[in-house]
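Remarks on the structure that follows.
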Number of protein chains: 2
Amino acid sequence: MPVSPLRLTDIVRDIESGRTTPEALLAATNERIDAGDGDLGVFTHRAPEASRAEAAAATGPLAGVPFGAKDIFDSFDMPTEHGSPIYRGNRPLADAPVVALARARGAAIIGKTATTEFASLDPTPTRNPHDRDHTPGGSSSGSAAGVAAGFLAGACGTQTGGSVIRPASFCGVAGYKPSFRLFPTVGVKTYSWSLDTVGFFAATVPDVSLLAALISGRPMADVPPADAAGLTIGLYRSAVDDLLEPDMVAAWETAARTIEAAGAKLIEIAEPASLSAARDIHAPLQNFEAAQALFHERTRHRDLMGEKILEQLDHGVTVTPQAYDDARRTARIGRKAATTLFEQADALLVPSSIGPAPRGLGSTGDAMFNKLWTLTGNPCVNVPSLRAANGLPVGLTIVTRFGRDVRALAIAAMLEARLAAG
Amino acid sequence: MPVSPLRLTDIVRDIESGRTTPEALLAATNERIDAGDGDLGVFTHRAPEASRAEAAAATGPLAGVPFGAKDIFDSFDMPTEHGSPIYRGNRPLADAPVVALARARGAAIIGKTATTEFASLDPTPTRNPHDRDHTPGGSSSGSAAGVAAGFLAGACGTQTGGSVIRPASFCGVAGYKPSFRLFPTVGVKTYSWSLDTVGFFAATVPDVSLLAALISGRPMADVPPADAAGLTIGLYRSAVDDLLEPDMVAAWETAARTIEAAGAKLIEIAEPASLSAARDIHAPLQNFEAAQALFHERTRHRDLMGEKILEQLDHGVTVTPQAYDDARRTARIGRKAATTLFEQADALLVPSSIGPAPRGLGSTGDAMFNKLWTLTGNPCVNVPSLRAANGLPVGLTIVTRFGRDVRALAIAAMLEARLAAG
């Protein structure tokens with residue numbers, strides 16, 4: 001079972017008040033990682049001595065915060081290997097902006113976290129801290145597991161299908177997939193430029209809000225949990241609900257009743273055809289772009305690539321520009337339809353995954369409940385508080401209108417607090 | 001004065017018919033470059049022997065085509081230095097997709113072409129082949145000059161303000177800035193992710209059309225020049241027209257009369273306020289993003305950066321997220337307004353620059369006539385055929401509705417052919 005996750009809000013408060021120092025806090029964290037990571041496989045690289053010393057002396061608002069960067073984010077002081085043997089030992093000259101901004105605010109980039117190959121589907125050896133025989137999910141496997149294990153108070157990842165929300169759900173941590181392109185993907189290995197979205201992990205919703213606020217300089221923290229009274233929450237129903245496991249059906253129902261008991265109005269929203277169509281073209285859109293983004297790797301280093309990613313790329317080269325343009329058109333129509341949903345509801349409540357983390361490390365699970373919202377670009381927040389019958393976490397997602405990230409975080413914080421209160 | 005530009009369409013035909021071979025053609029081109037580039041400064045790096053041998057044996061539709069890649073495009077076989085001493089000797093592991101695609105179609109990537117620092121404003125030592133005392137424009141300085149000098153039959157560049165259309169105008173070559181995000185910016189150093197657009201250079205409009213067609217796999221070539229009869233062409237007038245030099249005023253008038261004589265209807269279109277506003281927020285939008293994209297470089301290597309780029313980045317950090325969001329909103333409104341223009345006209349005819357290339361190498365010229373269309377994402381094609389009183393080229397731009405790239409190329413080809421005829 002995992003140690004207690006580190007609360008970013010606690011660290012920020014304790015450093016500010018002088019109760020502890022970045023140096024002491026980071027030393028303790030690194031010791032915990034030294035003792036525990038061999039088994040979990042959270043990190044692909046740990047910070048070198050010079051960076052540790054710089055972080056111990058940092059003074060910004062994130063000083064003392066142990067932060068992990070998914071290993072598709074460039075880092076100037078550690079290799080960036082994209083989960084691929086092609087990039088073994090690859091050393092970029094500059095930090096990706098999200099990493100640079102976190103570091104400039106004082107965060108300690110204590111390591112690069114394990115990613116599936118090029119953030120696709122071929123799994124890492126990372127284990128789920130809640131049960132080591134289960135996957136932590138992917139593709140941001142190490143970032144989610146590292147927060148769950150108490151190694152990291154914050155981490156960045158990316159989502160192209162369900163690579164932030166799904167591992168957050170499986171690992172029982174808060175995950176935030178911002179509105180498309182709110183955070184720069186510069187210096188992050190591209191899979192699909194229409195879909196790749198930078199996101200964040202932390203122990204709870206207020207923690208991930210504070211992290212996003214301090215990195216972006218936007219007013220996302222100190223937002224009180226939303227008042228449920230007066231809110232209308234949509235239970236979004238679609239044909240893919242047939243895939244849900246009983247544990248997730250029960251969790252969805254529990255969350256809905258909790259929101260209702262808190263005073264919100266619940267409504268049923270049936271998926272419009274334009275959004276089913278949008279979900280259906282996620283694959284050709286993604287794979288056409290991935291086949292271009294990784295053209296060099298696929299044509300010159302095919303023997304070093306995994307089976308699952310090659311299946312996607314080999315599909316991608318069969319998608320014609322005409323079919324790709326049709327998919328982009330369907331996506332545009334879907335984005336407008338998604339906006340229309342929020343004329344009826346303040347937020348949607350949807351499952352974060354099919355069920356809890358599946359057994360075994362051979363698959364990172366299914367992104368069916370995430371990929372539509374990645375495509376439409378709406379902000380999503382995984383609320384981590386519920387459990388399956390086997391004790392593993394199951395998460396629910398709050399989705400809001402494009403650009404209403406603060407609202408998504410506030411409503412998610414409300415649900416999290418209500419679930420904790422019981 | 002320049003040697004004759006290489007016609008890409010001729011090369012493709014001559015290779016196909018067996019009249020010449022890639023090996024012979026590339027050997028002759030490399031000899032010409034060896035003799036002439038010392039003075040012009042087109043290239044930052046030339047292809048190594050292994051790549052030359054591979055290109056000489058290539059068999060794709062671009063076999064034998066000497067192609068230059070602006071030195072902010074990653075290349076696996078040559079350094080990628082972004083015009084900055086920070087990146088001296090930087091060696092990426094993979095080609096940027098546009099480079100990889102060109103190479104896969106058989107093109108010889110014969111060199112990396114000079115770019116202003118991070119594709120901003122600090123000039124390269126590159127000279128204008130038409131008069132070596134004049135700038136070739138920027139930021140894609142080497143790509144434009146290399147085509148004008150007959151060193152390259154095709155080249156890629158990028159445009160964030162006016163970095164494709166302006167140097168194409170100054171160097172008297174065809175320049176094509178596609179609809180935003182039609183070609184991937186993956187593997188290209190980011191300045192502003194909302195603006196950076198991959199574009200192409202070739203001797204004439206049919207040449208650049210064929211290049212774009214063969215790289216993208218899209219039907220952009222073999223499009224006959226548009227029939228002027230039945231077309232409505234808008235002469236787009238705005239307050240910035242006051243900046244135009246007499247040479248450009250005359251060229252604009254000549255092009256308009258040529259189009260009219262060919263049978264098209266000309267109309268006057270006055271810039272709507274929403275598009276003036278959009279032009280005005282280009283700077284805060286660009287600089288906010290550039291300050292994030294180059295955060296690491298600016299904070300850790302400031303002493304190695306140029307004066308002009310630092311001015312932009314230092315402005316960027318003063319733009320608040322709120323002001324940036326306002327700018328993005330103004331840009332969205334501007335994109336819709338730009339679409340509306342094409343309810344009145346099939347295309348717009350606008351100046352490609354204020355006038356011919358200014359004297360001296362200290363400035364790459366003004367992007368005032370380009371940056372609005374970069375922001376709105378509309379396709380633009382520089383038609384190169386006219387001359388200023390001093391003999392230097394002046395270009396006009398054909399702009400069409402977003403996504404109507406083939407139409408822009410066809411109308412530009414019509415204008416080019418009519419100007420050549422007389």
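Residue numbering restarts at 1 in every chain; chains get A, B, ... in the order shown in the structure tokens, and ligands count up from 1 in that same order.
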When the cut-off is 7 Å and we count only C-alpha atoms, which residues of chain A are near chain B, given as a list of chain:residue names?
A:Ala94, A:Asp95, A:Pro97, A:Ala100, A:Val186, A:Thr190, A:Arg218, A:Gln292, A:Ala293, A:Phe295, A:His296, A:Glu297, A:Pro321
As a ChimeraX atom specification, please: the residues near B:Val240 (cut-off 10 Å, only C-alpha atoms, same-chain neighbours under 3 positions excluded).
/B:237,243-244,276,354,368-369
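Atom pair atom CA of B:Pro167 / atom CA of B:Phe342 has a distance of 26.3 Å (rounded to one decimal).
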Quick one: residues within 12 Å of A:Ala388, only C-alpha atoms, excluding same-chain residues fewer than 5 positions away - as an MDAnalysis selection string?
chainID A and resid 130 169:170 172 245:252 254 354:358 393:395
Polymer residues at most 7 Å from A:Phe180, only C-alpha atoms, same-chain spacing of 6 or more positions, as JSON, numbers by chain:
{"A": [197, 377, 378]}
Write a file of the just-selected residues containing N, CA and C atoms, as a PDB file, in the first residue's frame.
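Done, and the output landed in selection29.pdb:
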```pdb
ATOM      1  N   THR A 197      -2.081  17.309 -25.120  1.00  0.00           N
ATOM      2  CA  THR A 197      -2.448  18.333 -24.143  1.00  0.00           C
ATOM      3  C   THR A 197      -1.623  18.117 -22.884  1.00  0.00           C
ATOM      4  N   GLY A 377     -11.263  19.246 -26.526  1.00  0.00           N
ATOM      5  CA  GLY A 377     -10.428  20.228 -25.844  1.00  0.00           C
ATOM      6  C   GLY A 377     -10.997  20.767 -24.551  1.00  0.00           C
ATOM      7  N   ASN A 378     -12.082  20.184 -24.063  1.00  0.00           N
ATOM      8  CA  ASN A 378     -12.692  20.678 -22.820  1.00  0.00           C
ATOM      9  C   ASN A 378     -11.830  20.343 -21.601  1.00  0.00           C
TER      10      ASN A 378
END
```
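Comparing the minimum interatomic distances between A:Thr126 and each of A:Gly83, A:Pro284, A:Pro61, A:Gly234, counting only C-alpha atoms, we find that A:Gly83 sits nearest.
All residues of protein, DNA or RNA that reach within 6 Å of stretch 5-19 of chain B, judged by only C-alpha atoms and not counting those fewer than 4 positions away in the chain, are Ala148, Gly150, Ala153, Ala203 and Asp207 of chain B.
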List the neighbours of B:Phe402 out to 9 Å using only C-alpha atoms; skip same-chain residues closer than 5 positions along the sequence, and give me the result as a VMD selection string.
chain B and resid 178 to 180 335 338 to 339 376 to 379
Kindly export the residues of the current selection with N, CA and C atoms, as a compact mmCIF listing (two decimals), in the first residue's frame.
```txt
# COMPACT_ATOMS: atom_id res chain seq x y z
N PRO B 178 1.20 28.35 -46.20
CA PRO B 178 -0.06 27.57 -46.22
C PRO B 178 -1.03 28.01 -45.12
N SER B 179 -2.25 27.52 -45.23
CA SER B 179 -3.21 27.66 -44.14
C SER B 179 -2.56 27.17 -42.85
N PHE B 180 -2.89 27.85 -41.76
CA PHE B 180 -2.28 27.53 -40.47
C PHE B 180 -2.40 26.04 -40.17
N ARG B 335 -10.20 36.07 -37.16
CA ARG B 335 -10.25 34.92 -38.09
C ARG B 335 -11.63 34.82 -38.73
N ALA B 338 -11.96 37.56 -41.26
CA ALA B 338 -11.19 37.26 -42.48
C ALA B 338 -11.99 36.32 -43.37
N THR B 339 -12.66 35.35 -42.76
CA THR B 339 -13.48 34.42 -43.55
C THR B 339 -14.60 35.18 -44.27
N THR B 376 -4.40 35.37 -38.94
CA THR B 376 -5.70 34.80 -39.31
C THR B 376 -5.55 33.40 -39.90
N GLY B 377 -4.34 33.04 -40.31
CA GLY B 377 -4.09 31.69 -40.80
C GLY B 377 -4.45 31.47 -42.26
N ASN B 378 -4.79 32.53 -42.99
CA ASN B 378 -5.17 32.37 -44.40
C ASN B 378 -3.97 32.01 -45.27
N PRO B 379 -4.18 31.21 -46.32
CA PRO B 379 -3.08 30.91 -47.24
C PRO B 379 -2.66 32.15 -48.01
```
